[in-house]
$ cat work-v3.cif   # mmCIF, C-alpha atoms
data_final
#
loop_
_atom_site.label_atom_id
_atom_site.label_comp_id
_atom_site.auth_asym_id
_atom_site.auth_seq_id
_atom_site.Cartn_x
_atom_site.Cartn_y
_atom_site.Cartn_z
CA MET A 25 -2.88 42.71 2.55
CA ARG A 26 -5.31 44.04 -0.05
CA PRO A 27 -8.65 45.37 1.25
CA LEU A 28 -10.71 42.88 -0.76
CA THR A 29 -8.59 39.95 0.43
CA TRP A 30 -8.88 41.12 4.02
CA LEU A 31 -12.65 41.56 3.68
CA ARG A 32 -13.03 38.09 2.17
CA GLN A 33 -11.06 36.49 4.99
CA GLU A 34 -13.04 38.36 7.62
CA LEU A 35 -16.35 37.29 6.13
CA ARG A 36 -15.20 33.66 5.89
CA SER A 37 -14.19 33.69 9.54
CA ARG A 38 -17.57 35.17 10.54
CA PRO A 39 -20.20 33.36 8.46
CA TYR A 40 -23.17 34.69 10.43
CA VAL A 41 -22.04 38.26 9.79
CA ALA A 42 -21.72 37.59 6.06
CA ASP A 43 -25.16 35.93 5.91
CA THR A 44 -26.72 38.75 7.91
CA ILE A 45 -25.30 41.32 5.49
CA LEU A 46 -26.61 39.27 2.56
CA ALA A 47 -30.08 38.98 4.12
CA VAL A 48 -30.26 42.71 4.92
CA PHE A 49 -29.14 43.63 1.41
CA LEU A 50 -31.71 41.31 -0.16
CA TYR A 51 -34.45 42.55 2.16
CA ALA A 52 -33.64 46.19 1.41
CA SER A 53 -33.63 45.44 -2.32
CA THR A 54 -37.04 43.84 -1.97
CA LEU A 55 -38.50 46.82 -0.12
CA LEU A 56 -37.05 49.37 -2.51
CA THR A 57 -38.10 47.61 -5.72
CA PRO A 58 -40.33 50.01 -7.72
CA ASP A 59 -43.30 49.09 -9.83
CA ALA A 60 -41.62 48.54 -13.18
CA PRO A 61 -43.76 47.92 -16.26
CA PRO A 62 -42.33 45.62 -18.91
CA PRO A 63 -40.10 47.31 -21.47
CA PRO A 64 -41.45 47.82 -25.00
CA GLY A 65 -40.98 44.80 -27.23
CA ALA A 66 -40.39 42.35 -24.34
CA MET A 67 -41.03 38.71 -25.24
CA TRP A 68 -42.84 38.01 -21.97
CA ARG A 69 -44.20 39.96 -19.05
CA VAL A 70 -41.51 40.71 -16.46
CA GLN A 71 -43.11 43.14 -14.05
CA MET A 72 -41.87 43.84 -10.53
CA GLN A 73 -44.97 44.08 -8.34
CA PRO A 74 -45.06 46.53 -5.40
CA LEU A 75 -45.09 44.88 -1.97
CA THR A 76 -48.13 44.80 0.26
CA ALA A 77 -48.13 44.34 4.03
CA TYR A 78 -48.40 40.59 3.56
CA SER A 79 -45.56 40.63 1.06
CA ILE A 80 -43.38 42.62 3.43
CA ALA A 81 -44.06 40.11 6.22
CA LEU A 82 -43.18 37.22 3.90
CA ALA A 83 -40.02 39.02 2.75
CA THR A 84 -39.03 39.49 6.39
CA ILE A 85 -39.43 35.77 7.10
CA VAL A 86 -37.65 34.62 3.94
CA CYS A 87 -34.72 37.03 4.23
CA GLY A 88 -34.43 36.42 7.97
CA ALA A 89 -34.18 32.68 7.38
CA LEU A 90 -31.14 33.22 5.15
CA VAL A 91 -29.13 34.23 8.22
CA PHE A 92 -29.24 30.59 9.35
CA ARG A 93 -28.71 28.98 5.94
CA ARG A 94 -25.32 27.48 6.85
CA ARG A 95 -26.54 25.93 10.10
CA TRP A 96 -29.91 24.56 8.96
CA PRO A 97 -29.75 24.58 5.13
CA ARG A 98 -32.69 22.23 4.52
CA ALA A 99 -34.94 24.01 7.02
CA VAL A 100 -34.06 27.37 5.43
CA LEU A 101 -34.85 25.91 2.00
CA ALA A 102 -38.24 24.74 3.22
CA VAL A 103 -39.00 28.19 4.69
CA THR A 104 -37.85 29.90 1.50
CA VAL A 105 -39.94 27.70 -0.79
CA THR A 106 -42.98 28.10 1.46
CA GLY A 107 -42.53 31.86 1.54
CA PHE A 108 -42.10 32.00 -2.23
CA VAL A 109 -45.31 30.01 -2.79
CA ALA A 110 -47.15 32.20 -0.29
CA TYR A 111 -45.84 35.27 -2.07
CA LEU A 112 -47.31 33.99 -5.32
CA MET A 113 -50.61 33.27 -3.56
CA VAL A 114 -51.00 36.92 -2.52
CA GLY A 115 -50.37 38.07 -6.08
CA GLY A 116 -46.65 38.69 -6.02
CA GLY A 117 -44.66 38.78 -9.24
CA ARG A 118 -40.94 38.81 -9.98
CA SER A 119 -38.93 40.33 -7.14
CA PRO A 120 -35.53 40.01 -5.44
CA LEU A 121 -37.10 37.24 -3.37
CA ASP A 122 -36.42 35.00 -6.37
CA LEU A 123 -32.75 35.40 -5.51
CA ALA A 124 -33.43 34.20 -1.93
CA LEU A 125 -34.82 30.96 -3.34
CA GLY A 126 -31.73 30.49 -5.52
CA ILE A 127 -29.43 31.13 -2.54
CA ALA A 128 -31.25 28.55 -0.42
CA VAL A 129 -31.05 25.96 -3.20
CA TYR A 130 -27.36 26.73 -3.72
CA THR A 131 -26.64 26.30 0.00
CA VAL A 132 -28.28 22.87 0.13
CA ALA A 133 -26.54 21.79 -3.08
CA SER A 134 -23.13 22.77 -1.68
CA ARG A 135 -23.52 20.70 1.50
CA TYR A 136 -25.22 17.40 0.67
CA PRO A 137 -24.50 14.42 -1.59
CA ARG A 138 -25.18 14.79 -5.29
CA ARG A 139 -28.07 12.34 -5.38
CA ASP A 140 -29.91 14.18 -2.58
CA VAL A 141 -29.04 17.57 -4.04
CA TRP A 142 -30.63 16.95 -7.43
CA ALA A 143 -33.65 15.43 -5.73
CA TYR A 144 -34.06 18.62 -3.70
CA GLY A 145 -33.49 20.78 -6.79
CA GLY A 146 -36.05 18.84 -8.83
CA LEU A 147 -38.60 19.01 -6.02
CA VAL A 148 -38.16 22.78 -5.66
CA ALA A 149 -38.48 23.26 -9.43
CA LEU A 150 -41.67 21.18 -9.43
CA VAL A 151 -43.16 23.16 -6.54
CA VAL A 152 -42.33 26.48 -8.22
CA THR A 153 -43.80 25.31 -11.54
CA VAL A 154 -47.03 24.10 -9.92
CA ALA A 155 -47.31 27.35 -7.95
CA LYS A 156 -46.88 29.42 -11.10
CA VAL A 157 -49.50 27.38 -12.94
CA VAL A 158 -52.00 27.36 -10.07
CA PHE A 159 -51.67 30.85 -8.58
CA VAL A 160 -50.41 32.93 -11.52
CA GLY A 161 -52.17 31.14 -14.36
CA ASP A 162 -49.13 30.41 -16.52
CA THR A 163 -48.91 27.28 -18.60
CA TRP A 164 -46.46 24.51 -17.87
CA LEU A 165 -43.99 25.47 -20.59
CA ALA A 166 -44.55 29.20 -20.54
CA PRO A 167 -41.41 31.33 -20.84
CA GLU A 168 -42.18 32.89 -17.46
CA VAL A 169 -42.16 29.43 -15.83
CA LEU A 170 -38.94 28.41 -17.56
CA ALA A 171 -37.35 31.70 -16.55
CA GLN A 172 -38.28 30.93 -12.94
CA VAL A 173 -37.09 27.31 -13.01
CA ALA A 174 -33.81 27.86 -14.88
CA PRO A 175 -32.10 29.76 -11.99
CA ILE A 176 -33.01 26.88 -9.66
CA GLY A 177 -31.19 24.44 -11.93
CA MET A 178 -28.22 26.79 -12.20
CA ALA A 179 -28.06 27.22 -8.41
CA THR A 180 -28.19 23.44 -7.98
CA ALA A 181 -25.41 22.90 -10.51
CA ILE A 182 -23.19 25.63 -9.03
CA GLY A 183 -23.67 24.33 -5.49
CA ASP A 184 -22.97 20.76 -6.55
CA ALA A 185 -19.81 21.86 -8.37
CA LEU A 186 -18.63 23.75 -5.31
CA ARG A 187 -19.30 20.75 -3.08
CA SER A 188 -17.35 18.50 -5.47
CA ARG A 189 -14.45 20.94 -5.50
CA ARG A 190 -14.42 21.14 -1.69
CA ALA A 191 -14.46 17.34 -1.45
CA TYR A 192 -11.63 17.12 -3.99
CA VAL A 193 -9.50 19.66 -2.14
CA ALA A 194 -10.25 17.96 1.19
CA ALA A 195 -9.23 14.60 -0.26
CA ILE A 196 -5.97 16.05 -1.58
CA GLU A 197 -5.23 17.66 1.79
CA GLU A 198 -6.01 14.41 3.60
CA ARG A 199 -3.73 12.44 1.30
CA ALA A 200 -1.00 15.02 1.80
CA ARG A 201 -1.46 14.84 5.58
CA ARG A 202 -1.33 11.05 5.56
CA ALA A 203 1.67 11.07 3.27
CA GLU A 204 3.45 13.45 5.64
CA GLU A 205 2.59 11.26 8.63
CA THR A 206 3.76 8.20 6.72
CA ARG A 207 7.03 9.91 5.84
CA GLU A 208 7.56 10.87 9.47
CA GLU A 209 6.77 7.36 10.68
CA GLU A 210 9.04 5.88 8.02
CA ALA A 211 11.83 8.27 9.00
CA GLU A 212 11.44 7.36 12.69
CA ARG A 213 11.40 3.66 11.81
CA ARG A 214 14.56 4.00 9.73
CA VAL A 215 16.29 5.94 12.49
CA MET A 216 15.39 3.23 15.00
CA GLU A 217 16.57 0.50 12.64
CA GLU A 218 19.84 2.31 12.08
CA ARG A 219 20.35 2.75 15.83
CA LEU A 220 19.78 -0.97 16.37
CA HIS A 221 22.06 -1.78 13.46
CA ILE A 222 24.86 0.42 14.78
CA ALA A 223 24.46 -0.97 18.30
CA ARG A 224 24.61 -4.54 16.95
CA GLU A 225 27.68 -3.82 14.82
CA LEU A 226 29.58 -2.17 17.65
CA HIS A 227 28.64 -4.93 20.07
CA ASP A 228 29.73 -7.68 17.69
CA VAL A 229 32.97 -5.92 16.78
CA LEU A 230 34.03 -5.19 20.35
CA ALA A 231 32.59 -8.01 22.45
CA HIS A 232 34.77 -10.75 21.00
CA HIS A 233 38.05 -8.88 21.33
CA ILE A 234 37.26 -7.46 24.75
CA ALA A 235 36.39 -10.94 26.02
CA LEU A 236 39.75 -12.24 24.73
CA ILE A 237 41.55 -9.28 26.28
CA ASN A 238 39.85 -9.96 29.61
CA VAL A 239 40.79 -13.65 29.59
CA GLN A 240 44.40 -13.05 28.58
CA ALA A 241 44.75 -10.24 31.10
CA GLN A 242 43.61 -12.57 33.86
CA VAL A 243 46.10 -15.20 32.67
CA ALA A 244 48.90 -12.64 32.62
CA ALA A 245 48.05 -11.42 36.11
CA HIS A 246 48.02 -14.99 37.41
CA LEU A 247 51.33 -16.00 35.82
CA LEU A 248 53.23 -12.74 36.11
CA ALA A 249 55.10 -13.71 39.31
CA THR A 250 55.69 -17.41 38.66
CA GLU A 251 55.95 -17.75 34.88
CA PRO A 252 56.85 -14.38 33.37
CA GLU A 253 57.43 -15.83 29.87
CA GLN A 254 53.89 -17.15 29.65
CA ALA A 255 52.64 -13.88 31.15
CA ARG A 256 54.44 -11.99 28.40
CA THR A 257 52.85 -14.29 25.82
CA ALA A 258 49.42 -13.57 27.29
CA LEU A 259 50.13 -9.84 27.21
CA GLY A 260 51.13 -10.21 23.57
CA HIS A 261 47.72 -11.75 22.90
CA VAL A 262 46.14 -8.82 24.74
CA ARG A 263 48.04 -6.37 22.57
CA HIS A 264 47.11 -8.23 19.39
CA ALA A 265 43.42 -8.44 20.36
CA GLY A 266 43.40 -4.76 21.26
CA LYS A 267 44.94 -3.83 17.90
CA GLU A 268 42.37 -5.92 16.02
CA ALA A 269 39.56 -4.36 18.04
CA LEU A 270 40.78 -0.86 17.24
CA ASP A 271 41.20 -1.69 13.54
CA GLU A 272 37.70 -3.15 13.24
CA LEU A 273 36.19 -0.31 15.26
CA ARG A 274 37.94 2.27 13.08
CA THR A 275 36.72 0.55 9.92
CA THR A 276 33.15 0.25 11.24
CA VAL A 277 32.99 3.89 12.29
CA GLY A 278 34.35 4.90 8.92
CA LEU A 279 31.64 2.92 7.16
CA LEU A 280 28.94 4.42 9.38
CA ARG A 281 30.15 7.92 8.56
CA ARG A 282 30.35 7.20 4.84
CA PRO A 283 27.21 7.58 2.74
CA GLY A 284 26.16 4.32 1.19
CA SER A 285 23.68 1.49 1.28
CA ARG A 286 23.07 -0.80 4.20
CA ASP A 287 24.40 -3.73 2.18
CA GLU A 288 27.84 -2.19 2.43
CA LEU A 289 27.54 -2.05 6.20
CA LEU A 290 26.32 -5.64 6.28
CA THR A 291 29.30 -6.94 4.36
CA GLU A 292 32.13 -4.70 5.61
CA PRO A 293 34.32 -5.19 7.54
CA ALA A 294 32.92 -8.45 8.93
CA PRO A 295 33.99 -11.68 7.20
CA GLY A 296 32.04 -14.84 6.49
CA LEU A 297 32.49 -18.48 7.43
CA ASP A 298 35.76 -18.57 5.48
CA ARG A 299 37.28 -16.90 8.54
CA LEU A 300 35.95 -19.55 10.90
CA PRO A 301 39.38 -21.24 11.42
CA ASP A 302 40.93 -17.93 12.49
CA LEU A 303 38.03 -17.32 14.84
CA VAL A 304 38.40 -20.75 16.42
CA ASP A 305 42.18 -20.27 16.80
CA SER A 306 41.65 -16.95 18.61
CA PHE A 307 39.48 -18.64 21.21
CA THR A 308 41.69 -21.71 21.62
CA THR A 309 44.64 -19.39 22.10
CA ALA A 310 42.68 -17.72 24.88
CA GLY A 311 42.35 -21.10 26.61
CA LEU A 312 38.88 -22.18 25.55
CA ARG A 313 38.51 -25.90 24.82
CA LEU A 314 36.87 -25.91 21.46
CA GLY A 315 36.13 -28.21 18.55
CA TRP A 316 34.38 -27.60 15.28
CA LEU A 317 32.76 -29.75 12.63
CA ILE A 318 31.66 -29.05 9.08
CA TYR A 319 28.85 -31.05 7.46
CA GLY A 320 27.98 -30.94 3.81
CA ASP A 321 29.94 -29.28 1.03
CA PRO A 322 31.19 -25.81 2.01
CA ARG A 323 30.25 -23.26 -0.60
CA PRO A 324 30.26 -19.47 -0.94
CA LEU A 325 27.27 -17.95 0.84
CA PRO A 326 25.44 -14.68 0.16
CA ALA A 327 27.30 -11.94 1.99
CA PRO A 328 24.51 -11.16 4.53
CA VAL A 329 24.08 -14.88 5.32
CA GLY A 330 27.81 -15.46 5.71
CA LEU A 331 28.12 -12.42 7.95
CA ALA A 332 25.16 -13.50 10.09
CA ALA A 333 26.58 -17.03 10.49
CA PHE A 334 30.03 -15.74 11.43
CA ARG A 335 28.69 -13.23 13.96
CA ILE A 336 26.43 -15.82 15.57
CA VAL A 337 29.35 -18.21 16.04
CA GLN A 338 31.54 -15.37 17.31
CA GLU A 339 28.98 -14.14 19.83
CA ALA A 340 28.11 -17.66 21.00
CA LEU A 341 31.78 -18.47 21.67
CA THR A 342 32.26 -15.11 23.37
CA ASN A 343 29.40 -15.96 25.73
CA VAL A 344 30.99 -19.34 26.47
CA SER A 345 34.34 -17.72 27.29
CA LYS A 346 32.66 -15.22 29.59
CA HIS A 347 30.11 -17.40 31.37
CA ALA A 348 31.64 -20.91 31.19
CA PRO A 349 35.39 -20.56 30.57
CA GLN A 350 36.09 -24.11 31.82
CA ALA A 351 33.55 -25.71 29.50
CA THR A 352 34.17 -27.46 26.22
CA ALA A 353 32.39 -25.92 23.24
CA THR A 354 31.52 -27.48 19.93
CA VAL A 355 30.75 -25.58 16.73
CA ARG A 356 28.79 -27.38 14.03
CA ILE A 357 28.21 -25.90 10.59
CA ASP A 358 25.86 -27.82 8.31
CA TYR A 359 25.64 -26.77 4.64
CA ALA A 360 22.16 -27.92 3.60
CA SER A 361 20.76 -27.57 0.11
CA ASP A 362 18.89 -24.34 0.79
CA ALA A 363 20.24 -23.22 4.17
CA VAL A 364 23.23 -23.19 6.45
CA VAL A 365 22.71 -24.44 10.02
CA VAL A 366 24.82 -22.99 12.81
CA ASP A 367 24.93 -24.86 16.12
CA VAL A 368 27.16 -23.92 19.06
CA ALA A 369 26.88 -25.91 22.28
CA ASP A 370 28.90 -26.21 25.46
CA ASP A 371 28.85 -28.53 28.45
CA GLY A 372 29.15 -25.89 31.14
CA GLU A 373 26.94 -25.70 34.21
CA SER A 374 23.49 -24.27 33.59
CA ASP A 375 19.96 -24.64 34.80
CA PRO A 376 17.83 -27.03 32.78
CA GLY A 377 14.56 -25.95 31.35
CA GLY A 378 14.67 -26.35 27.63
CA VAL A 379 15.54 -24.01 24.85
CA SER A 380 14.30 -20.42 25.02
CA SER A 381 14.74 -17.25 23.07
CA GLY A 382 17.11 -15.58 25.52
CA THR A 383 17.05 -12.00 26.81
CA GLY A 384 20.67 -10.80 26.81
CA HIS A 385 21.96 -8.17 24.40
CA GLY A 386 24.19 -10.73 22.69
CA LEU A 387 21.30 -13.14 22.25
CA ILE A 388 19.09 -10.36 20.97
CA GLY A 389 21.75 -9.41 18.44
CA MET A 390 22.09 -13.01 17.26
CA ARG A 391 18.34 -13.34 16.90
CA GLU A 392 18.15 -10.10 14.93
CA ARG A 393 20.92 -11.23 12.61
CA ALA A 394 19.16 -14.54 11.96
CA ARG A 395 15.85 -12.83 11.27
CA SER A 396 17.50 -10.25 9.03
CA VAL A 397 18.22 -13.02 6.50
CA GLY A 398 14.86 -14.75 7.00
CA GLY A 399 16.19 -17.40 9.38
CA THR A 400 15.22 -18.80 12.76
CA PHE A 401 17.09 -18.67 16.05
CA VAL A 402 16.77 -20.37 19.43
CA ALA A 403 19.11 -20.36 22.40
CA GLY A 404 18.99 -21.57 25.97
CA PRO A 405 20.09 -24.17 28.49
CA VAL A 406 19.73 -27.84 27.58
CA GLU A 407 18.49 -30.66 29.79
CA ASP A 408 21.83 -32.51 29.96
CA GLY A 409 23.65 -29.38 31.08
CA GLY A 410 25.30 -26.62 29.15
CA PHE A 411 24.00 -24.04 26.74
CA ARG A 412 23.09 -24.24 23.09
CA VAL A 413 22.71 -21.74 20.27
CA HIS A 414 20.97 -22.95 17.12
CA ALA A 415 20.27 -20.91 13.97
CA VAL A 416 18.96 -21.88 10.55
CA LEU A 417 19.84 -19.34 7.87
CA PRO A 418 18.24 -19.74 4.42
CA THR A 419 20.54 -19.22 1.46
CA SER A 420 17.88 -19.10 -1.25
CA ARG A 421 15.90 -16.02 -0.18
CA LYS A 422 16.68 -12.35 0.14
CA SER A 423 17.44 -10.80 3.49
CA ARG A 424 14.86 -8.65 5.12
CA PRO A 425 15.19 -4.86 4.89
#
$ encode --input "work-v3.cif" --output "structure tokens"
Amino acid sequence: MRPLTWLRQELRSRPYVADTILAVFLYASTLLTPDAPPPPGAMWRVQMQPLTAYSIALATIVCGALVFRRRWPRAVLAVTVTGFVAYLMVGGGRSPLDLALGIAVYTVASRYPRRDVWAYGGLVALVVTVAKVVFVGDTWLAPEVLAQVAPIGMATAIGDALRSRRAYVAAIEERARRAEETREEEAERRVMEERLHIARELHDVLAHHIALINVQAQVAAHLLATEPEQARTALGHVRHAGKEALDELRTTVGLLRRPGSRDELLTEPAPGLDRLPDLVDSFTTAGLRLGWLIYGDPRPLPAPVGLAAFRIVQEALTNVSKHAPQATATVRIDYASDAVVVDVADDGESDPGGVSSGTGHGLIGMRERARSVGGTFVAGPVEDGGFRVHAVLPTSRKSRP
């Protein structure tokens, strides 16, 4: 590190030390100022007056106050202006104490709002002008007065510019900090969304086939001794369901590992309602009593809506096969003008209490799928017995991100 850079950093980290050095230097310059007559041909009298005992005392007060200029800038300005006026009262002329006044004005200008700063600067300039007119005998527009007031205006302008620059840099740093926090929050939110998305995909892909495998395995175990042919048929269904589960799982994992948009994951490999007959056949083959009805004119649906409808039906029937295998389920699909309505109900045993939102992972997944396309979802036991899943999926609006 260069010596000047190191010195600058040290002084910035120790402001009182820097101000003390400045005050001592200014005080020493004041004490050592000789009596200097004006140079030949000067346009106005610029004479450095020698200090008296009173002047030395005033210099001590003014320079000592500069040590605390960063902590109490307005109080230091008041002391400096008072000392300067008192110095003029005892007959003082131009001296390094003029610099102390400029430093005090600069400090206030660099720390307070612009409106207050220029008010302070104007007040100090007025006080200095009046003091020069009253105690020195100069006229209002004398060159000596203008020469005394001009540095005050310059100090005010420099301090105000520095304050504006600090505020600008602070605003940029704050925006950068907030942008970084926003990026981190957005990244965390996206990670959480992706985790939920992956969990939902894996659940929907595996739950249906595993439920069928479980049912067929129980059938095979029950019939193995008495009806081996039917047991072998059930085992064939188990093998077929296992193969489909592995194929879909392999495809899903491949899509998750492949870079691409979420829309690709939403539409592959899951089908839409065009695969509803195959889905119903897989459950009826597993022994579930099931009927399905279509209302309205079937039409192609947006891929996210079709996927959501298919997965909701699939998960609802999977829940029926797991929790009420002896029940009869009914699937109703209603193609409305601006929505598709999915309704799956069964007549199995359940506690009444009205429709609720549900708390299981499958119900949560169905609700998330409905909301992802801007739809609504309710599920719960019904008063007449059984369980009902009802979702309304709009077809005329974009899915949520």
$ closest_residue --input "work-v3.cif" --among "A:Asp302, A:Glu218, A:Glu268, A:Glu208" --to "Phe334 in chain A" --atoms "all atoms listed in the file"
A:Asp302
$ closest_residue --input "work-v3.cif" --among "A:Ala133, A:Met216, A:Ala332, A:Leu236" --to "Leu186 in chain A" --atoms "only C-alpha atoms"
A:Ala133
$ closest_residue --input "work-v3.cif" --among "A:Leu341, A:His347, A:Ala258, A:Tyr136" --to "Arg190 in chain A" --atoms "only C-alpha atoms"
A:Tyr136
$ closest_residue --input "work-v3.cif" --among "A:Tyr319, A:Trp96, A:Phe159, A:Tyr51" --to "Ala83 in chain A" --atoms "all atoms listed in the file"
A:Tyr51
$ closest_residue --input "work-v3.cif" --among "A:Ala77, A:Val397, A:Ile182, A:Ala102" --to "Arg135 in chain A" --atoms "all atoms listed in the file"
A:Ile182
$ resolve_selection --input "work-v3.cif" --expression "the PyMOL selection byres ((chain A and resi 340) around 10)" --output "list in words"
His232, Phe334, Arg335, Ile336, Val337, Gln338, Glu339, Leu341, Thr342, Asn343, Val344, Ser345, Ala353, Val355, Asp367, Val368, Ala369, Asp370, Gly386, Leu387, Met390, Ala403, Phe411, Arg412, Val413 and His414 of chain A
$ residues_around --input "work-v3.cif" --residues "Leu121 in chain A" --least-positions-apart "3" --cutoff "8 Å" --atoms "only C-alpha atoms" --output "CSV table (one decimal) with C-alpha atoms, keeping the file's coordinate frame"
chain,number,residue,atom,x,y,z
A,50,LEU,CA,-31.7,41.3,-0.2
A,54,THR,CA,-37.0,43.8,-2.0
A,83,ALA,CA,-40.0,39.0,2.8
A,86,VAL,CA,-37.6,34.6,3.9
A,87,CYS,CA,-34.7,37.0,4.2
A,108,PHE,CA,-42.1,32.0,-2.2
A,118,ARG,CA,-40.9,38.8,-10.0
A,124,ALA,CA,-33.4,34.2,-1.9
A,125,LEU,CA,-34.8,31.0,-3.3
$ resolve_selection --input "work-v3.cif" --expression "the PyMOL selection byres ((chain A and resi 360) around 12)" --output "PyMOL selection string"
chain A and resi 318-323+325+357-359+361-366+416-420
$ resolve_selection --input "work-v3.cif" --expression "the PyMOL selection byres ((chain A and resi 178) around 12)" --output "PyMOL selection string"
chain A and resi 123+125-127+129-130+133+142+145-146+149+171-177+179-185
$ write_last_selection --input "work-v3.cif" --atoms "C-alpha atoms" --output "compact mmCIF listing (two decimals), in the coordinates of the input"
# COMPACT_ATOMS: atom_id res chain seq x y z
CA LEU A 123 -32.75 35.40 -5.51
CA LEU A 125 -34.82 30.96 -3.34
CA GLY A 126 -31.73 30.49 -5.52
CA ILE A 127 -29.43 31.13 -2.54
CA VAL A 129 -31.05 25.96 -3.20
CA TYR A 130 -27.36 26.73 -3.72
CA ALA A 133 -26.54 21.79 -3.08
CA TRP A 142 -30.63 16.95 -7.43
CA GLY A 145 -33.49 20.78 -6.79
CA GLY A 146 -36.05 18.84 -8.83
CA ALA A 149 -38.48 23.26 -9.43
CA ALA A 171 -37.35 31.70 -16.55
CA GLN A 172 -38.28 30.93 -12.94
CA VAL A 173 -37.09 27.31 -13.01
CA ALA A 174 -33.81 27.86 -14.88
CA PRO A 175 -32.10 29.76 -11.99
CA ILE A 176 -33.01 26.88 -9.66
CA GLY A 177 -31.19 24.44 -11.93
CA ALA A 179 -28.06 27.22 -8.41
CA THR A 180 -28.19 23.44 -7.98
CA ALA A 181 -25.41 22.90 -10.51
CA ILE A 182 -23.19 25.63 -9.03
CA GLY A 183 -23.67 24.33 -5.49
CA ASP A 184 -22.97 20.76 -6.55
CA ALA A 185 -19.81 21.86 -8.37
$ closest_residue --input "work-v3.cif" --among "A:Leu314, A:Ala244, A:Ala99, A:Ala110" --to "Tyr78 in chain A" --atoms "only C-alpha atoms"
A:Ala110
$ atom_distance --input "work-v3.cif" --atom1 "CA of Asp162 in chain A" --atom2 "CA of Ala143 in chain A"
24.1 Å
$ residues_near_point --input "work-v3.cif" --point "(36.9, -22.8, 27.0)" --cutoff "6 Å" --atoms "all atoms listed in the file" --output "tab-separated table (two decimals) with C-alpha atoms, in the coordinates of the input"
chain	number	residue	atom	x	y	z
A	311	GLY	CA	42.35	-21.10	26.61
A	312	LEU	CA	38.88	-22.18	25.55
A	313	ARG	CA	38.51	-25.90	24.82
A	345	SER	CA	34.34	-17.72	27.29
A	349	PRO	CA	35.39	-20.56	30.57
A	350	GLN	CA	36.09	-24.11	31.82
A	351	ALA	CA	33.55	-25.71	29.50
A	352	THR	CA	34.17	-27.46	26.22
$ atom_distance --input "work-v3.cif" --atom1 "CA of Gly398 in chain A" --atom2 "CA of Asp305 in chain A"
29.5 Å
$ atom_distance --input "work-v3.cif" --atom1 "CA of Ala155 in chain A" --atom2 "CA of Pro120 in chain A"
17.5 Å
$ build_atoms --input "work-v3.cif" --residues "range 220-233 of chain A" --atoms "N, CA and C atoms" --output "compact mmCIF listing (two decimals), in the frame of the given file"
# COMPACT_ATOMS: atom_id res chain seq x y z
N LEU A 220 19.60 0.43 16.01
CA LEU A 220 19.78 -0.97 16.37
C LEU A 220 20.92 -1.60 15.58
N HIS A 221 21.00 -1.23 14.30
CA HIS A 221 22.06 -1.78 13.46
C HIS A 221 23.44 -1.35 13.96
N ILE A 222 23.58 -0.07 14.28
CA ILE A 222 24.86 0.42 14.78
C ILE A 222 25.22 -0.24 16.11
N ALA A 223 24.21 -0.33 17.00
CA ALA A 223 24.46 -0.97 18.30
C ALA A 223 24.90 -2.42 18.11
N ARG A 224 24.25 -3.14 17.19
CA ARG A 224 24.61 -4.54 16.95
C ARG A 224 26.02 -4.65 16.37
N GLU A 225 26.35 -3.77 15.42
CA GLU A 225 27.68 -3.82 14.82
C GLU A 225 28.77 -3.55 15.85
N LEU A 226 28.57 -2.50 16.66
CA LEU A 226 29.58 -2.17 17.65
C LEU A 226 29.71 -3.28 18.70
N HIS A 227 28.58 -3.84 19.09
CA HIS A 227 28.64 -4.93 20.07
C HIS A 227 29.41 -6.12 19.51
N ASP A 228 29.08 -6.50 18.26
CA ASP A 228 29.73 -7.68 17.69
C ASP A 228 31.21 -7.43 17.44
N VAL A 229 31.56 -6.22 17.06
CA VAL A 229 32.97 -5.92 16.78
C VAL A 229 33.79 -5.94 18.06
N LEU A 230 33.25 -5.38 19.14
CA LEU A 230 34.03 -5.19 20.35
C LEU A 230 33.95 -6.36 21.33
N ALA A 231 32.78 -7.01 21.40
CA ALA A 231 32.59 -8.01 22.45
C ALA A 231 33.61 -9.13 22.36
N HIS A 232 33.84 -9.63 21.17
CA HIS A 232 34.77 -10.75 21.00
C HIS A 232 36.17 -10.37 21.46
N HIS A 233 36.68 -9.27 20.97
CA HIS A 233 38.05 -8.88 21.33
C HIS A 233 38.17 -8.50 22.79
